[in-house]
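Report on the structure given below.
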Number of protein chains: 2
Amino acid sequence: MAIPRAARTQRRTRIQEEKEEIILEAALDVFSVSGFRGSTIDQIAEVAGMSKPNLLYYFRTKEAMHRALIDRVLFTWLEPLRAFDANGNPESEIRSYIRRKLEMARDFPRESRLFANEMLQGAPHVEDELRGPLKALVDEKVEVIRAWAKAGKIAKCDPYHLIFSIWSTTQHYADFDVQVRAVLGDEHSGEGRFEDAARYLEQLFVDGLRIRHS
Amino acid sequence: MAIPRAARTQRRTRIQEEKEEIILEAALDVFSVSGFRGSTIDQIAEVAGMSKPNLLYYFRTKEAMHRALIDRVLFTWLEPLRAFDANGNPESEIRSYIRRKLEMARDFPRESRLFANEMLQGAPHVEDELRGPLKALVDEKVEVIRAWAKAGKIAKCDPYHLIFSIWSTTQHYADFDVQVRAVLGDEHSGEGRFEDAARYLEQLFVDGLRIRHS
DNA sequence: GGATAATTTGACCGATTGGTAAACATTACA
DNA sequence: TGTAATGTTTACCAATCGGTCAAATTATCC
């Protein structure tokens with residue numbers, strides 16, 4: 001008789017690690033496109049290449065799968081912000097933060113969409129994490145930016161909205177990928193568009209559009 | 001015997017207009033949160049306060065409801081970009097475009113989320129509209145911006161990515177509303193946050209962060 | 001007021017949903 | 001190699017899904 005997963009206290013088997021990895025990979029495929037409600041265990045099972053009961057042997061509910069996925073993604077997702085260094089100089093820190101976020105949008109678009117889906121639905125599964133760890137981390141970095149502004153190294157601006165604007169502009173290339181491709185047309189939708197985006201965004205944040213006042 | 005909706009050629013009844021309005025309103029509530037796949041006709045029927053068969057009397061399928069909703073939203077959603085005037089001066093045009101988009105995020109968050117949900121799912125219902133009318137409109141405005149850059153009124157930059165960045169930064173306040181509230185905390189989540197966002201974004205796009213090169 | 005068309009609903013359908021039970025197969029380990 | 005634990009599958013369940021049907025109700029118009 002198999003022991004229900006939640007009751008296991010022993011170390012995880014090799015097979016467990018492998019299969020759980022495969023399942024989470026498949027779940028990411030499905031959840032990131034259809035959101036929690038719109039995804040079905042059958043879909044995930046098919047992508048994972050195993051039967052539904054087998055899948056439910058490793059994760060007892062659809063919720064548990066989603067939970068495990070969110071937990072894993074949330075940590076790595078905040079890595080770039082964590083790397084934001086108070087001792088660095090504003091220009092290089094902001095430039096590299098934009099670069100890193102953009103790289104994540106390019107290399108982990110499914111993770112970005114999973115998160116976006118969760119936000120659109122009102123964050124029913126992660127609101128605590130948002131109000132807790134996320135807010136704490138942002139508050140910390142906000143102080144860094146405020147200090148820069150106070151020291152005259154950067155224009156006075158609302159640091160919260162500055163962070164929001166970096167998040168939104170970079171994640172846009174993952175979450176709204178279809179729209180970006182459609183608007184740019186097939187000829188400009190190659191991988192070069194991330195380089196274009198990086199160049200534009202760095203310019204925007206560092207220099208603005210340098211609009212001539214008339 | 002009732003005449004199937006699609007076959008009707010006569011003018012629409014008063015009741016038809018009212019009920020279709022109620023249904024689309026309810027459908028917007030539901031679809032904008034859960035996306036197409038994640039929403040059910042029963043949910044919409046309950047929000048609309050009528051029985052499921054009654055709802056299906058006005059829209060024969062879930063698809064038809066979604067379609068009608070998307071069609072209605074798409075048009076008004078592009079209104080701000082259409083208003084973008086080639087003859088205006090760059091600063092006021094960009095400022096007011098940002099303002100208008102931000103107002104839409106504030107006043108029509110459900111419409112924004114409906115659209116975002118559709119994008120996340122790969123735009124299965126609207127890809128044609130993106131590649132057609134949307135791209136055409138953007139291309140037109142891109143030429144305006146290019147002309148401004150050529151005339152030296154504005155910094156040289158990729159106009160496509162400029163438009164993307166205005167879209168993403170403004171819509172962020174509708175689509176990621178939960179996150180914005182969580183990070184700002186309850187004390188700064190009042191209606192004033194839209195004024196703060198507008199001030200910050202206008203500054204960003206017009207002047208940038210004026211980072212001192214070190 | 002009566003006929004006729006438009007609207008509304010309860011009962012129902014087959015398919016799909018999340019999840020279970022138990023038999024069966026495989027692995028790890030003494 | 002035997003055996004106990006782990007892993008997998010087939011068959012199935014009640015609930016919900018999108019949607020139909022026919023009967024009942026209501027609005028419209030002469």
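Please note that chains go A, B, ... in the order of the structure tokens, that every chain numbers its residues from 1, and that ligands are numbered from 1 in the order shown.
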
Taking only C-alpha atoms (C1' of nucleotides) into account, which residues of chain D are within 9 Å of chain A, as a PyMOL selection string? chain D and resi 5-9

Non-local contacts of stretch 117-130 of chain B (7 Å; only C-alpha atoms (C1' of nucleotides); under 6 positions in same chain excluded) as a PDB file with C-alpha atoms, in the first residue's frame:
ATOM      1  CA  VAL A  33      -1.499  29.785 -20.087  1.00  0.00           C
ATOM      2  CA  SER A  34      -4.913  29.052 -18.602  1.00  0.00           C
ATOM      3  CA  ARG A 113       2.695  34.462 -16.981  1.00  0.00           C
ATOM      4  CA  ASP A 175       3.092  38.447 -20.587  1.00  0.00           C
ATOM      5  CA  PHE A 176       2.027  40.275 -23.748  1.00  0.00           C
ATOM      6  CA  VAL A 178       1.656  37.714 -28.634  1.00  0.00           C
ATOM      7  CA  GLN A 179       0.760  41.360 -28.859  1.00  0.00           C
ATOM      8  CA  ALA A 182       1.776  40.950 -33.714  1.00  0.00           C
ATOM      9  CA  VAL A 183       2.554  44.661 -33.591  1.00  0.00           C
TER      10      VAL A 183
ATOM     11  CA  SER B  32     -11.928  39.501 -16.511  1.00  0.00           C
ATOM     12  CA  GLY B  35     -10.298  34.178 -18.257  1.00  0.00           C
TER      13      GLY B  35
END

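Of the listed residues (B:Glu18, B:Glu187, B:Glu91, B:Glu111), B:Glu91 comes nearest to chain A; the distances count only C-alpha atoms.
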
*Contacts of D:DC30 at 10 Å (only C-alpha atoms (C1' of nucleotides); same-chain gap of 2+ positions) as a PyMOL selection string*: (chain C and resi 2-3) or (chain D and resi 28)

Selected residues written out, N, CA and C atoms (P, O5', C5', C4', C3', O3' and C1' of nucleotides), as a PDB file, in the first residue's frame:
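Result file again-v3.pdb:
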ATOM      1  P    DG C   2     -61.129  36.522 -24.458  1.00  0.00           P
ATOM      2  O5'  DG C   2     -60.382  36.099 -25.801  1.00  0.00           O
ATOM      3  C5'  DG C   2     -60.850  36.617 -27.051  1.00  0.00           C
ATOM      4  C4'  DG C   2     -59.723  36.614 -28.061  1.00  0.00           C
ATOM      5  C3'  DG C   2     -58.849  35.351 -28.031  1.00  0.00           C
ATOM      6  O3'  DG C   2     -58.593  34.953 -29.358  1.00  0.00           O
ATOM      7  C1'  DG C   2     -57.487  37.250 -27.787  1.00  0.00           C
ATOM      8  P    DA C   3     -58.215  33.484 -29.726  1.00  0.00           P
ATOM      9  O5'  DA C   3     -56.971  33.725 -30.672  1.00  0.00           O
ATOM     10  C5'  DA C   3     -57.115  34.589 -31.781  1.00  0.00           C
ATOM     11  C4'  DA C   3     -55.769  35.173 -32.177  1.00  0.00           C
ATOM     12  C3'  DA C   3     -54.665  34.133 -32.393  1.00  0.00           C
ATOM     13  O3'  DA C   3     -53.969  34.479 -33.572  1.00  0.00           O
ATOM     14  C1'  DA C   3     -53.929  35.755 -30.848  1.00  0.00           C
TER      15       DA C   3
ATOM     16  P    DT D  28     -43.589  45.104 -24.323  1.00  0.00           P
ATOM     17  O5'  DT D  28     -44.385  44.718 -25.649  1.00  0.00           O
ATOM     18  C5'  DT D  28     -43.817  43.762 -26.538  1.00  0.00           C
ATOM     19  C4'  DT D  28     -44.740  43.560 -27.733  1.00  0.00           C
ATOM     20  C3'  DT D  28     -45.449  44.831 -28.212  1.00  0.00           C
ATOM     21  O3'  DT D  28     -45.239  44.945 -29.601  1.00  0.00           O
ATOM     22  C1'  DT D  28     -47.014  43.071 -27.912  1.00  0.00           C
TER      23       DT D  28
END

* To do: For chain C, list the residues within 9 Å of chain B, counting only C-alpha atoms (C1' of nucleotides), and write the list as an MDAnalysis selection string.
  => chainID C and resid 5:9

Could you write those residues out with all heavy atoms, as a tab-separated table (two decimals), in the first residue's frame?
chain	number	residue	atom	x	y	z
C	5	DA	P	-46.72	34.59	-34.93
C	5	DA	OP1	-46.69	34.70	-36.41
C	5	DA	OP2	-46.79	33.28	-34.28
C	5	DA	O5'	-45.47	35.38	-34.34
C	5	DA	C5'	-45.51	36.81	-34.23
C	5	DA	C4'	-44.75	37.24	-32.99
C	5	DA	O4'	-45.49	36.85	-31.80
C	5	DA	C3'	-43.37	36.61	-32.85
C	5	DA	O3'	-42.42	37.64	-32.66
C	5	DA	C2'	-43.48	35.70	-31.62
C	5	DA	C1'	-44.57	36.39	-30.83
C	5	DA	N9	-45.31	35.50	-29.93
C	5	DA	C8	-45.98	34.36	-30.25
C	5	DA	N7	-46.55	33.78	-29.22
C	5	DA	C5	-46.22	34.59	-28.14
C	5	DA	C6	-46.53	34.52	-26.77
C	5	DA	N6	-47.25	33.55	-26.23
C	5	DA	N1	-46.04	35.50	-25.97
C	5	DA	C2	-45.30	36.47	-26.53
C	5	DA	N3	-44.96	36.64	-27.80
C	5	DA	C4	-45.45	35.66	-28.56
C	6	DA	P	-40.88	37.37	-32.47
C	6	DA	OP1	-40.14	38.43	-33.17
C	6	DA	OP2	-40.66	35.94	-32.76
C	6	DA	O5'	-40.67	37.58	-30.89
C	6	DA	C5'	-41.01	38.84	-30.32
C	6	DA	C4'	-40.79	38.80	-28.82
C	6	DA	O4'	-41.69	37.84	-28.23
C	6	DA	C3'	-39.38	38.37	-28.40
C	6	DA	O3'	-38.96	39.26	-27.37
C	6	DA	C2'	-39.55	36.95	-27.88
C	6	DA	C1'	-40.98	36.99	-27.35
C	6	DA	N9	-41.68	35.71	-27.39
C	6	DA	C8	-41.88	34.89	-28.46
C	6	DA	N7	-42.58	33.81	-28.19
C	6	DA	C5	-42.87	33.93	-26.84
C	6	DA	C6	-43.58	33.12	-25.95
C	6	DA	N6	-44.17	31.96	-26.31
C	6	DA	N1	-43.68	33.53	-24.66
C	6	DA	C2	-43.10	34.69	-24.31
C	6	DA	N3	-42.40	35.54	-25.06
C	6	DA	C4	-42.32	35.10	-26.33
C	7	DT	P	-37.49	39.17	-26.78
C	7	DT	OP1	-37.09	40.54	-26.40
C	7	DT	OP2	-36.67	38.38	-27.71
C	7	DT	O5'	-37.72	38.33	-25.45
C	7	DT	C5'	-38.54	38.87	-24.42
C	7	DT	C4'	-38.80	37.83	-23.36
C	7	DT	O4'	-39.42	36.67	-23.93
C	7	DT	C3'	-37.57	37.31	-22.62
C	7	DT	O3'	-37.68	37.77	-21.28
C	7	DT	C2'	-37.66	35.79	-22.74
C	7	DT	C1'	-39.14	35.61	-23.06
C	7	DT	N1	-39.55	34.36	-23.76
C	7	DT	C2	-40.27	33.42	-23.08
C	7	DT	O2	-40.58	33.52	-21.90
C	7	DT	N3	-40.64	32.31	-23.82
C	7	DT	C4	-40.35	32.08	-25.17
C	7	DT	O4	-40.74	31.06	-25.73
C	7	DT	C5	-39.60	33.11	-25.82
C	7	DT	C7	-39.26	32.97	-27.26
C	7	DT	C6	-39.23	34.20	-25.10
C	8	DT	P	-36.52	37.61	-20.25
C	8	DT	OP1	-36.67	38.66	-19.22
C	8	DT	OP2	-35.27	37.46	-20.99
C	8	DT	O5'	-36.86	36.22	-19.55
C	8	DT	C5'	-38.03	36.10	-18.77
C	8	DT	C4'	-38.22	34.67	-18.31
C	8	DT	O4'	-38.56	33.84	-19.44
C	8	DT	C3'	-36.98	34.03	-17.69
C	8	DT	O3'	-37.20	33.88	-16.29
C	8	DT	C2'	-36.82	32.69	-18.42
C	8	DT	C1'	-38.16	32.53	-19.12
C	8	DT	N1	-38.12	31.77	-20.41
C	8	DT	C2	-38.87	30.62	-20.55
C	8	DT	O2	-39.56	30.17	-19.66
C	8	DT	N3	-38.77	30.02	-21.77
C	8	DT	C4	-38.02	30.46	-22.86
C	8	DT	O4	-38.01	29.82	-23.91
C	8	DT	C5	-37.26	31.66	-22.65
C	8	DT	C7	-36.41	32.20	-23.75
C	8	DT	C6	-37.34	32.26	-21.44
C	9	DT	P	-36.10	33.28	-15.36
C	9	DT	OP1	-36.27	33.87	-14.02
C	9	DT	OP2	-34.80	33.37	-16.04
C	9	DT	O5'	-36.52	31.75	-15.29
C	9	DT	C5'	-37.87	31.42	-15.02
C	9	DT	C4'	-38.08	29.93	-15.17
C	9	DT	O4'	-38.11	29.59	-16.58
C	9	DT	C3'	-36.99	29.08	-14.54
C	9	DT	O3'	-37.55	28.29	-13.51
C	9	DT	C2'	-36.46	28.20	-15.68
C	9	DT	C1'	-37.55	28.31	-16.73
C	9	DT	N1	-37.03	28.24	-18.13
C	9	DT	C2	-37.53	27.30	-19.00
C	9	DT	O2	-38.39	26.50	-18.69
C	9	DT	N3	-36.99	27.34	-20.25
C	9	DT	C4	-36.01	28.20	-20.71
C	9	DT	O4	-35.59	28.14	-21.86
C	9	DT	C5	-35.53	29.15	-19.75
C	9	DT	C7	-34.47	30.14	-20.14
C	9	DT	C6	-36.05	29.14	-18.52

query = Within 12 Å of D:DA11, counting only C-alpha atoms (C1' of nucleotides), which residues qualify if same-chain residues fewer than 5 places away don't, as a PyMOL selection string?
reply = (chain A and resi 53) or (chain C and resi 20-23)

With all heavy atoms retained, could you export that selection as a PDB file, in the first residue's frame?
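In the end it all went to result.pdb:
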ATOM      1  N   PRO A  53      -4.191   9.611 -12.140  1.00  0.00           N
ATOM      2  CA  PRO A  53      -4.003   9.123 -10.772  1.00  0.00           C
ATOM      3  C   PRO A  53      -2.530   9.096 -10.369  1.00  0.00           C
ATOM      4  O   PRO A  53      -2.201   9.325  -9.200  1.00  0.00           O
ATOM      5  CB  PRO A  53      -4.579   7.710 -10.815  1.00  0.00           C
ATOM      6  CG  PRO A  53      -5.539   7.729 -11.925  1.00  0.00           C
ATOM      7  CD  PRO A  53      -4.956   8.648 -12.952  1.00  0.00           C
TER       8      PRO A  53
ATOM      9  P    DT C  20      -9.138  12.410  -3.047  1.00  0.00           P
ATOM     10  OP1  DT C  20      -9.412  12.683  -1.623  1.00  0.00           O
ATOM     11  OP2  DT C  20      -7.756  12.410  -3.568  1.00  0.00           O
ATOM     12  O5'  DT C  20      -9.803  11.010  -3.409  1.00  0.00           O
ATOM     13  C5'  DT C  20     -11.200  10.866  -3.348  1.00  0.00           C
ATOM     14  C4'  DT C  20     -11.599   9.411  -3.548  1.00  0.00           C
ATOM     15  O4'  DT C  20     -11.475   9.068  -4.955  1.00  0.00           O
ATOM     16  C3'  DT C  20     -10.741   8.399  -2.784  1.00  0.00           C
ATOM     17  O3'  DT C  20     -11.624   7.487  -2.139  1.00  0.00           O
ATOM     18  C2'  DT C  20      -9.895   7.727  -3.865  1.00  0.00           C
ATOM     19  C1'  DT C  20     -10.801   7.829  -5.086  1.00  0.00           C
ATOM     20  N1   DT C  20     -10.106   7.865  -6.400  1.00  0.00           N
ATOM     21  C2   DT C  20     -10.409   6.916  -7.349  1.00  0.00           C
ATOM     22  O2   DT C  20     -11.205   6.020  -7.168  1.00  0.00           O
ATOM     23  N3   DT C  20      -9.731   7.056  -8.532  1.00  0.00           N
ATOM     24  C4   DT C  20      -8.812   8.030  -8.858  1.00  0.00           C
ATOM     25  O4   DT C  20      -8.267   8.050  -9.953  1.00  0.00           O
ATOM     26  C5   DT C  20      -8.535   8.986  -7.815  1.00  0.00           C
ATOM     27  C7   DT C  20      -7.549  10.079  -8.064  1.00  0.00           C
ATOM     28  C6   DT C  20      -9.191   8.869  -6.645  1.00  0.00           C
ATOM     29  P    DA C  21     -11.069   6.452  -1.066  1.00  0.00           P
ATOM     30  OP1  DA C  21     -12.063   6.350   0.015  1.00  0.00           O
ATOM     31  OP2  DA C  21      -9.655   6.775  -0.755  1.00  0.00           O
ATOM     32  O5'  DA C  21     -11.083   5.098  -1.891  1.00  0.00           O
ATOM     33  C5'  DA C  21     -12.173   4.815  -2.762  1.00  0.00           C
ATOM     34  C4'  DA C  21     -12.104   3.376  -3.242  1.00  0.00           C
ATOM     35  O4'  DA C  21     -11.537   3.354  -4.575  1.00  0.00           O
ATOM     36  C3'  DA C  21     -11.236   2.455  -2.394  1.00  0.00           C
ATOM     37  O3'  DA C  21     -11.877   1.186  -2.297  1.00  0.00           O
ATOM     38  C2'  DA C  21      -9.911   2.384  -3.146  1.00  0.00           C
ATOM     39  C1'  DA C  21     -10.331   2.612  -4.593  1.00  0.00           C
ATOM     40  N9   DA C  21      -9.370   3.385  -5.377  1.00  0.00           N
ATOM     41  C8   DA C  21      -8.608   4.444  -4.950  1.00  0.00           C
ATOM     42  N7   DA C  21      -7.828   4.950  -5.869  1.00  0.00           N
ATOM     43  C5   DA C  21      -8.094   4.170  -6.987  1.00  0.00           C
ATOM     44  C6   DA C  21      -7.591   4.200  -8.298  1.00  0.00           C
ATOM     45  N6   DA C  21      -6.694   5.080  -8.715  1.00  0.00           N
ATOM     46  N1   DA C  21      -8.063   3.292  -9.172  1.00  0.00           N
ATOM     47  C2   DA C  21      -8.981   2.402  -8.750  1.00  0.00           C
ATOM     48  N3   DA C  21      -9.526   2.281  -7.543  1.00  0.00           N
ATOM     49  C4   DA C  21      -9.041   3.207  -6.701  1.00  0.00           C
ATOM     50  P    DA C  22     -11.251   0.027  -1.402  1.00  0.00           P
ATOM     51  OP1  DA C  22     -12.376  -0.724  -0.804  1.00  0.00           O
ATOM     52  OP2  DA C  22     -10.188   0.594  -0.545  1.00  0.00           O
ATOM     53  O5'  DA C  22     -10.547  -0.896  -2.497  1.00  0.00           O
ATOM     54  C5'  DA C  22     -11.220  -1.131  -3.727  1.00  0.00           C
ATOM     55  C4'  DA C  22     -10.268  -1.749  -4.725  1.00  0.00           C
ATOM     56  O4'  DA C  22      -9.447  -0.720  -5.341  1.00  0.00           O
ATOM     57  C3'  DA C  22      -9.278  -2.752  -4.118  1.00  0.00           C
ATOM     58  O3'  DA C  22      -9.122  -3.835  -5.014  1.00  0.00           O
ATOM     59  C2'  DA C  22      -7.984  -1.950  -4.027  1.00  0.00           C
ATOM     60  C1'  DA C  22      -8.100  -1.151  -5.314  1.00  0.00           C
ATOM     61  N9   DA C  22      -7.224   0.019  -5.385  1.00  0.00           N
ATOM     62  C8   DA C  22      -6.805   0.824  -4.366  1.00  0.00           C
ATOM     63  N7   DA C  22      -6.005   1.790  -4.742  1.00  0.00           N
ATOM     64  C5   DA C  22      -5.889   1.615  -6.104  1.00  0.00           C
ATOM     65  C6   DA C  22      -5.175   2.310  -7.092  1.00  0.00           C
ATOM     66  N6   DA C  22      -4.423   3.380  -6.840  1.00  0.00           N
ATOM     67  N1   DA C  22      -5.283   1.866  -8.369  1.00  0.00           N
ATOM     68  C2   DA C  22      -6.038   0.797  -8.613  1.00  0.00           C
ATOM     69  N3   DA C  22      -6.755   0.056  -7.765  1.00  0.00           N
ATOM     70  C4   DA C  22      -6.637   0.524  -6.516  1.00  0.00           C
ATOM     71  P    DA C  23      -8.586  -5.291  -4.490  1.00  0.00           P
ATOM     72  OP1  DA C  23      -9.757  -6.079  -4.080  1.00  0.00           O
ATOM     73  OP2  DA C  23      -7.476  -5.041  -3.558  1.00  0.00           O
ATOM     74  O5'  DA C  23      -7.973  -5.928  -5.815  1.00  0.00           O
ATOM     75  C5'  DA C  23      -8.628  -5.713  -7.064  1.00  0.00           C
ATOM     76  C4'  DA C  23      -7.606  -5.383  -8.138  1.00  0.00           C
ATOM     77  O4'  DA C  23      -6.995  -4.092  -7.860  1.00  0.00           O
ATOM     78  C3'  DA C  23      -6.443  -6.390  -8.228  1.00  0.00           C
ATOM     79  O3'  DA C  23      -6.276  -6.774  -9.590  1.00  0.00           O
ATOM     80  C2'  DA C  23      -5.236  -5.601  -7.706  1.00  0.00           C
ATOM     81  C1'  DA C  23      -5.599  -4.183  -8.083  1.00  0.00           C
ATOM     82  N9   DA C  23      -4.941  -3.149  -7.287  1.00  0.00           N
ATOM     83  C8   DA C  23      -5.016  -2.967  -5.938  1.00  0.00           C
ATOM     84  N7   DA C  23      -4.315  -1.942  -5.500  1.00  0.00           N
ATOM     85  C5   DA C  23      -3.744  -1.411  -6.649  1.00  0.00           C
ATOM     86  C6   DA C  23      -2.896  -0.314  -6.862  1.00  0.00           C
ATOM     87  N6   DA C  23      -2.458   0.486  -5.886  1.00  0.00           N
ATOM     88  N1   DA C  23      -2.523  -0.055  -8.144  1.00  0.00           N
ATOM     89  C2   DA C  23      -2.967  -0.856  -9.114  1.00  0.00           C
ATOM     90  N3   DA C  23      -3.772  -1.915  -9.031  1.00  0.00           N
ATOM     91  C4   DA C  23      -4.133  -2.144  -7.761  1.00  0.00           C
TER      92       DA C  23
END

*Top pick for closest residue to chain A, considering B:His188, B:Arg67, B:Lys135, B:Arg95 and counting only C-alpha atoms*: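 Under the stated criterion, the closest residue is B:Lys135.
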
Item to check | Those in stretch 29-150 of chain B with helix (DSSP H, G or I) from DSSP, as number ranges by chain | outcome: B: 29-38, 41-48, 52-58, 62-77, 79-83, 90-107, 109-120, 127-150

Students should find that atom C1' of C:DC12 and atom CA of B:Ile44 are spaced 20.6 Å

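Closest approach to chain B among A:Asp186, A:Asp158, A:Glu25, A:Glu202: A:Asp158, based on only C-alpha atoms.
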
Compile the contact shell of stretch 102-105 of chain B as an NGL selection string: residues with an atom at most 12 Å away, counting only C-alpha atoms (C1' of nucleotides), same-chain residues fewer than 5 positions apart removed.
:B and (73 or 76-81 or 95-97 or 110-116 or 166-177 or 191 or 193-202)

Shell around D:DA15 at 12 Å using only C-alpha atoms (C1' of nucleotides), local window under 5 positions removed, as a PyMOL selection string = chain C and resi 16-19

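The two atoms in question, atom CA of B:Arg72 and atom CA of B:Glu140, are spaced 22.4 Å apart.
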
Chain B proximity check over A:Ala83, A:Arg106, A:Thr40, A:Asp71, using only C-alpha atoms: winner is A:Thr40

Worksheet item: Can you list, as a list of chain:residue names, every protein, DNA or RNA residue that comes within 10 Å of D:DA23 when you count only C-alpha atoms (C1' of nucleotides), leaving out same-chain residues fewer than 2 positions away?
Response: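 Listed by chain and then number, they are C:DT9, C:DG10, D:DC21, D:DT25.
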
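Separating atom CA of B:Ile22 from atom CA of B:Ala48 is a distance of 6.1 Å.
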